[in-house]
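The structure appears right after this line, and notes come after that.
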Amino acid sequence: MLAARSLALCSRLAARPSAAPAARLIAIRANSLWAGVKQGPPDAILGVTEAFKADSNPSKMNLGVGAYRDDQGKPYVLTSVRKAERSIQDLALDKEYIPITGVPEYNKLAAQLAYGSDSAPLKAGQIVTAQSLSGTGALRIGGEFLARWYEGKGGKKIYLPAPSWGNHTPIFKDAGLEVAQYTYFDKKTNGLDFEGMVKDLKSIPNGSVVLLHACAHNPTGVDPTPEQWKEISNVMKQKEHVSFFDMAYQGFASGSTVRDAFALRHFVEQGHKVLLAQSFAKNMGMYGERVGLFSLITDSAEETKRVDSQIKILVRPMYSSPPLSGARIVKTVLADSTLRAEWLEEVKAMADRIIAMRAGLRGHLEDTYGSKREWSHITSQIGMFCYSGLTPEQVDKMRKDASVYLTRDGRISIAGITSKNVEYLAKAIHDVTK
């Protein structure tokens, strides 16, 4: 019946030569198995990149992508990583499948980096680990595990800071969790709304799951101070909330892997049974290798075995086992004292360049162009991103007038700034804000 109607329609349209292509398209859509599939919205960051590539202005800037660039604006592969790759190649290792939850030695070293080698739960065998497809995969494993097994008073619901990384919501929704928000960013100050955050954490149901950015909050670059983290920990403990840390920037934020792990380690020391998603994309430049780790703390070694068994059951039908190459590289860097020391120097150099670009941008706005606006948040925020405070209209004008590309929420990827274009960016910002 449907096919007959489609054929009749096509016959009428075909009588007009100019309509022939359209008629064929309609016929194909009407008979297609996937005719009901709707066109999805474009990715916001991908759209920025595509527009940037199409721009012929030689001074154009892409400040949308969250990937590190050197001072020449080029992708950067760490020397320590290159050396690790060569040493692995020389060993001529096999390419056999690895265990469902990953390379054991990699898992151990990654967990030590996050929790500290002297971590009590780590020593007691109370941390379950699973190699993941970068931080995204770690978050998804955690979301799936919570959806299946969490029975706390807060229910199968996770609270995210407002705003949070754009992928957090679909990750957790697709895992089967309800997603809600708590107050975090203060648009008036371009800083942390600490009072609002604490108020919300106190008001949500006891036993709720709360996602926390361990350092270099994405997209705002606004982190609590150590003293504020301590108060947050106290509130979370009083309310019996479950902390799920997302730590994608350890070492990349301040230049110190220890300093950037303060919040996580403090919570663990205070007895929180945390969940953690780690990534080596930013701090080791392993973007395309997709190397991460999911972990959680249990009450006993016996409980660790039970939880580990369920993590394996969860992972097995998702992707069977994780990829091998990236984990081998990270393991080699972390296990070799010389490579590890070199890596720590390199990650500090990356962090220092980001910090220098922040200072340069603020300096040009205030000193070179004499802007009367408040720009202290550029240097008080930390990590790869700066929540500039620019409006969508100002962002659009910068794109049109100066070929400066960023997302319309005003988020600037500091990694896209170099010593050669920082003044150009400052002028573009000044021109739309003066």
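Note on naming: chains are A, B, ... as they come in the structure tokens, residues start from 1 per chain, ligands start from 1 in the order shown.
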
Discussion item. Going by DSSP on the backbone, which residues of stretch 82-174 of chain A come out as helix (DSSP H, G or I)? List them as an NGL selection string.
Written reply: :A and (82-91 or 104-115 or 120-123 or 134-149 or 168-174)

Discussion item. Set the distance at 9 Å and use only C-alpha atoms: which residues neighbour A:Ser279 once local chain neighbours fewer than 3 positions away are removed? I'd like the list as an NGL selection string.
Written reply: :A and (132-136 or 138 or 246-250 or 282-284 or 286 or 290-293)

Requested write-out: N, CA, C and O atoms of the selected residues, as a PDB file, in the first residue's frame:
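As a result, again.pdb now contains:
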```pdb
ATOM      1  N   SER A 132      40.185   1.907  30.887  1.00  0.00           N
ATOM      2  CA  SER A 132      39.011   2.392  30.155  1.00  0.00           C
ATOM      3  C   SER A 132      39.409   3.113  28.878  1.00  0.00           C
ATOM      4  O   SER A 132      40.578   3.424  28.657  1.00  0.00           O
ATOM      5  N   LEU A 133      38.413   3.378  28.044  1.00  0.00           N
ATOM      6  CA  LEU A 133      38.620   4.153  26.825  1.00  0.00           C
ATOM      7  C   LEU A 133      38.654   5.635  27.202  1.00  0.00           C
ATOM      8  O   LEU A 133      37.670   6.358  27.083  1.00  0.00           O
ATOM      9  N   SER A 134      39.798   6.035  27.708  1.00  0.00           N
ATOM     10  CA  SER A 134      40.052   7.385  28.202  1.00  0.00           C
ATOM     11  C   SER A 134      39.074   7.751  29.329  1.00  0.00           C
ATOM     12  O   SER A 134      38.454   6.876  29.934  1.00  0.00           O
ATOM     13  N   GLY A 135      38.959   9.054  29.613  1.00  0.00           N
ATOM     14  CA  GLY A 135      38.089   9.473  30.703  1.00  0.00           C
ATOM     15  C   GLY A 135      36.625   9.252  30.393  1.00  0.00           C
ATOM     16  O   GLY A 135      35.828   8.933  31.280  1.00  0.00           O
ATOM     17  N   THR A 136      36.252   9.406  29.128  1.00  0.00           N
ATOM     18  CA  THR A 136      34.864   9.183  28.717  1.00  0.00           C
ATOM     19  C   THR A 136      34.434   7.763  29.041  1.00  0.00           C
ATOM     20  O   THR A 136      33.358   7.524  29.604  1.00  0.00           O
ATOM     21  N   ALA A 138      35.773   5.750  31.223  1.00  0.00           N
ATOM     22  CA  ALA A 138      35.753   5.556  32.676  1.00  0.00           C
ATOM     23  C   ALA A 138      34.447   6.067  33.274  1.00  0.00           C
ATOM     24  O   ALA A 138      33.851   5.430  34.149  1.00  0.00           O
ATOM     25  N   ASP A 246      35.939  13.264  38.542  1.00  0.00           N
ATOM     26  CA  ASP A 246      36.420  13.228  37.168  1.00  0.00           C
ATOM     27  C   ASP A 246      37.755  13.967  37.169  1.00  0.00           C
ATOM     28  O   ASP A 246      37.806  15.176  37.410  1.00  0.00           O
ATOM     29  N   MET A 247      38.849  13.223  36.938  1.00  0.00           N
ATOM     30  CA  MET A 247      40.181  13.832  36.986  1.00  0.00           C
ATOM     31  C   MET A 247      40.866  13.668  35.629  1.00  0.00           C
ATOM     32  O   MET A 247      41.602  12.714  35.385  1.00  0.00           O
ATOM     33  N   ALA A 248      40.596  14.623  34.754  1.00  0.00           N
ATOM     34  CA  ALA A 248      41.125  14.568  33.387  1.00  0.00           C
ATOM     35  C   ALA A 248      42.399  15.387  33.219  1.00  0.00           C
ATOM     36  O   ALA A 248      43.013  15.342  32.152  1.00  0.00           O
ATOM     37  N   TYR A 249      42.800  16.140  34.260  1.00  0.00           N
ATOM     38  CA  TYR A 249      43.895  17.101  34.096  1.00  0.00           C
ATOM     39  C   TYR A 249      44.961  17.010  35.183  1.00  0.00           C
ATOM     40  O   TYR A 249      45.623  18.009  35.477  1.00  0.00           O
ATOM     41  N   GLN A 250      45.166  15.854  35.777  1.00  0.00           N
ATOM     42  CA  GLN A 250      46.148  15.744  36.857  1.00  0.00           C
ATOM     43  C   GLN A 250      47.544  16.117  36.352  1.00  0.00           C
ATOM     44  O   GLN A 250      48.086  15.497  35.454  1.00  0.00           O
ATOM     45  N   LYS A 282      45.183  14.555  28.272  1.00  0.00           N
ATOM     46  CA  LYS A 282      45.778  15.880  28.412  1.00  0.00           C
ATOM     47  C   LYS A 282      47.185  15.821  29.007  1.00  0.00           C
ATOM     48  O   LYS A 282      48.116  16.406  28.466  1.00  0.00           O
ATOM     49  N   ASN A 283      47.354  15.136  30.143  1.00  0.00           N
ATOM     50  CA  ASN A 283      48.636  15.224  30.839  1.00  0.00           C
ATOM     51  C   ASN A 283      49.749  14.404  30.199  1.00  0.00           C
ATOM     52  O   ASN A 283      50.927  14.601  30.512  1.00  0.00           O
ATOM     53  N   MET A 284      49.422  13.483  29.285  1.00  0.00           N
ATOM     54  CA  MET A 284      50.460  12.738  28.578  1.00  0.00           C
ATOM     55  C   MET A 284      50.287  12.842  27.065  1.00  0.00           C
ATOM     56  O   MET A 284      51.007  12.191  26.302  1.00  0.00           O
ATOM     57  N   MET A 286      47.933  11.730  25.191  1.00  0.00           N
ATOM     58  CA  MET A 286      47.519  10.450  24.615  1.00  0.00           C
ATOM     59  C   MET A 286      46.095  10.529  24.066  1.00  0.00           C
ATOM     60  O   MET A 286      45.297   9.599  24.228  1.00  0.00           O
ATOM     61  N   ARG A 290      43.326   6.866  23.624  1.00  0.00           N
ATOM     62  CA  ARG A 290      42.176   6.563  24.482  1.00  0.00           C
ATOM     63  C   ARG A 290      42.581   5.734  25.695  1.00  0.00           C
ATOM     64  O   ARG A 290      42.193   4.578  25.858  1.00  0.00           O
ATOM     65  N   VAL A 291      43.378   6.337  26.567  1.00  0.00           N
ATOM     66  CA  VAL A 291      43.888   5.649  27.753  1.00  0.00           C
ATOM     67  C   VAL A 291      43.329   6.293  29.016  1.00  0.00           C
ATOM     68  O   VAL A 291      43.572   7.464  29.287  1.00  0.00           O
ATOM     69  N   GLY A 292      42.566   5.520  29.781  1.00  0.00           N
ATOM     70  CA  GLY A 292      42.008   6.020  31.026  1.00  0.00           C
ATOM     71  C   GLY A 292      41.909   4.912  32.053  1.00  0.00           C
ATOM     72  O   GLY A 292      42.337   3.773  31.820  1.00  0.00           O
ATOM     73  N   LEU A 293      41.324   5.249  33.194  1.00  0.00           N
ATOM     74  CA  LEU A 293      41.135   4.255  34.253  1.00  0.00           C
ATOM     75  C   LEU A 293      39.903   4.604  35.062  1.00  0.00           C
ATOM     76  O   LEU A 293      39.714   5.762  35.459  1.00  0.00           O
TER      77      LEU A 293
END
```

Worksheet item: So which residues touch A:Leu406 within 9 Å, counting only C-alpha atoms, skipping near sequence neighbours fewer than 3 positions away, as a ChimeraX atom specification?
Response: /A:45,48-49,61-65,395-396,399,409-413

Take the residues that were just selected and, keeping N, CA, C and O atoms, output them as an mmCIF file, in the first residue's frame.
```
data_model
loop_
_atom_site.group_PDB
_atom_site.id
_atom_site.type_symbol
_atom_site.label_atom_id
_atom_site.label_comp_id
_atom_site.auth_asym_id
_atom_site.auth_seq_id
_atom_site.Cartn_x
_atom_site.Cartn_y
_atom_site.Cartn_z
ATOM 1 N N ILE A 45 31.474 22.015 19.208
ATOM 2 C CA ILE A 45 32.903 22.232 19.015
ATOM 3 C C ILE A 45 33.319 21.870 17.601
ATOM 4 O O ILE A 45 34.129 22.563 16.974
ATOM 5 N N VAL A 48 32.563 24.673 15.305
ATOM 6 C CA VAL A 48 33.551 25.751 15.404
ATOM 7 C C VAL A 48 34.764 25.421 14.538
ATOM 8 O O VAL A 48 35.274 26.264 13.800
ATOM 9 N N THR A 49 35.231 24.172 14.634
ATOM 10 C CA THR A 49 36.412 23.756 13.873
ATOM 11 C C THR A 49 36.163 23.809 12.377
ATOM 12 O O THR A 49 37.025 24.251 11.600
ATOM 13 N N MET A 61 42.029 32.231 14.440
ATOM 14 C CA MET A 61 42.384 31.483 15.645
ATOM 15 C C MET A 61 41.275 30.498 15.985
ATOM 16 O O MET A 61 40.095 30.865 15.987
ATOM 17 N N ASN A 62 41.649 29.262 16.311
ATOM 18 C CA ASN A 62 40.688 28.251 16.760
ATOM 19 C C ASN A 62 40.883 28.049 18.253
ATOM 20 O O ASN A 62 41.858 27.427 18.691
ATOM 21 N N LEU A 63 39.949 28.554 19.049
ATOM 22 C CA LEU A 63 40.023 28.451 20.501
ATOM 23 C C LEU A 63 38.906 27.567 21.041
ATOM 24 O O LEU A 63 38.467 27.711 22.171
ATOM 25 N N GLY A 64 38.457 26.625 20.199
ATOM 26 C CA GLY A 64 37.364 25.748 20.595
ATOM 27 C C GLY A 64 37.805 24.373 21.037
ATOM 28 O O GLY A 64 37.255 23.808 21.985
ATOM 29 N N VAL A 65 38.817 23.810 20.385
ATOM 30 C CA VAL A 65 39.204 22.422 20.634
ATOM 31 C C VAL A 65 40.013 22.282 21.921
ATOM 32 O O VAL A 65 40.947 23.047 22.157
ATOM 33 N N VAL A 395 30.866 36.826 21.020
ATOM 34 C CA VAL A 395 31.583 35.724 20.374
ATOM 35 C C VAL A 395 31.335 35.752 18.866
ATOM 36 O O VAL A 395 32.262 35.596 18.054
ATOM 37 N N ASP A 396 30.083 35.966 18.484
ATOM 38 C CA ASP A 396 29.729 36.029 17.060
ATOM 39 C C ASP A 396 30.446 37.183 16.359
ATOM 40 O O ASP A 396 30.913 37.046 15.221
ATOM 41 N N ARG A 399 34.080 36.407 15.766
ATOM 42 C CA ARG A 399 34.227 35.492 14.632
ATOM 43 C C ARG A 399 34.116 36.265 13.318
ATOM 44 O O ARG A 399 34.914 36.054 12.398
ATOM 45 N N ASP A 409 29.385 29.964 24.397
ATOM 46 C CA ASP A 409 29.296 30.217 25.835
ATOM 47 C C ASP A 409 30.486 31.020 26.344
ATOM 48 O O ASP A 409 30.584 31.320 27.537
ATOM 49 N N GLY A 410 31.394 31.379 25.431
ATOM 50 C CA GLY A 410 32.535 32.210 25.811
ATOM 51 C C GLY A 410 33.728 31.426 26.323
ATOM 52 O O GLY A 410 34.706 32.022 26.795
ATOM 53 N N ARG A 411 33.696 30.111 26.197
ATOM 54 C CA ARG A 411 34.819 29.289 26.668
ATOM 55 C C ARG A 411 35.998 29.393 25.707
ATOM 56 O O ARG A 411 35.857 29.123 24.526
ATOM 57 N N ILE A 412 37.137 29.775 26.240
ATOM 58 C CA ILE A 412 38.354 29.889 25.439
ATOM 59 C C ILE A 412 39.290 28.742 25.787
ATOM 60 O O ILE A 412 39.588 28.507 26.960
ATOM 61 N N SER A 413 39.760 28.031 24.769
ATOM 62 C CA SER A 413 40.807 27.033 24.982
ATOM 63 C C SER A 413 42.134 27.771 24.966
ATOM 64 O O SER A 413 42.616 28.193 23.908
#
```

Worksheet entry | Residue nearest A:Lys400 among A:Ile329, A:Val128, A:Ala51, A:Val179 (counting only C-alpha atoms) | A:Ala51

Worksheet entry | atom CA of A:Gly416 to atom CA of A:Asp70, distance in Å rounded to a single decimal |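 We find that atom CA of A:Gly416 and atom CA of A:Asp70 lie 8.5 Å from each other.
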
Item to complete: Mind listing the strand (DSSP E or B) residues of stretch 145-312 of chain A, per DSSP on the backbone, as a PyMOL selection string?
Response: chain A and resi 157-162+178-183+185-186+191-192+209-213+242-247+275-279+291-297

Worksheet item: If we count only C-alpha atoms, what is near A:Asp94 at a cut-off of 12 Å, once residues fewer than 3 positions away on the same chain are taken out, given as a VMD selection string?
Response: chain A and resid 88 to 91 97 to 98 324 to 325 328

Would you put the residues from that selection into a file with N, CA and C atoms, as a compact mmCIF listing (two decimals), in the first residue's frame?
```
# COMPACT_ATOMS: atom_id res chain seq x y z
N ILE A 88 59.28 0.13 23.45
CA ILE A 88 58.29 -0.94 23.28
C ILE A 88 58.47 -1.63 21.93
N GLN A 89 58.72 -0.82 20.91
CA GLN A 89 58.91 -1.38 19.57
C GLN A 89 60.13 -2.30 19.53
N ASP A 90 61.18 -1.92 20.24
CA ASP A 90 62.41 -2.72 20.26
C ASP A 90 62.20 -4.08 20.92
N LEU A 91 61.19 -4.16 21.81
CA LEU A 91 60.94 -5.42 22.51
C LEU A 91 60.19 -6.43 21.64
N TYR A 97 45.19 -10.44 23.12
CA TYR A 97 44.17 -9.78 23.94
C TYR A 97 44.70 -9.57 25.35
N ILE A 98 44.25 -8.49 25.97
CA ILE A 98 44.60 -8.26 27.37
C ILE A 98 43.36 -8.56 28.22
N LEU A 324 45.46 -2.12 23.67
CA LEU A 324 46.74 -2.44 24.31
C LEU A 324 47.79 -1.34 24.20
N SER A 325 47.90 -0.72 23.03
CA SER A 325 49.04 0.14 22.73
C SER A 325 49.21 1.30 23.72
N ARG A 328 50.31 0.35 27.27
CA ARG A 328 51.72 -0.02 27.31
C ARG A 328 52.61 1.21 27.39
```
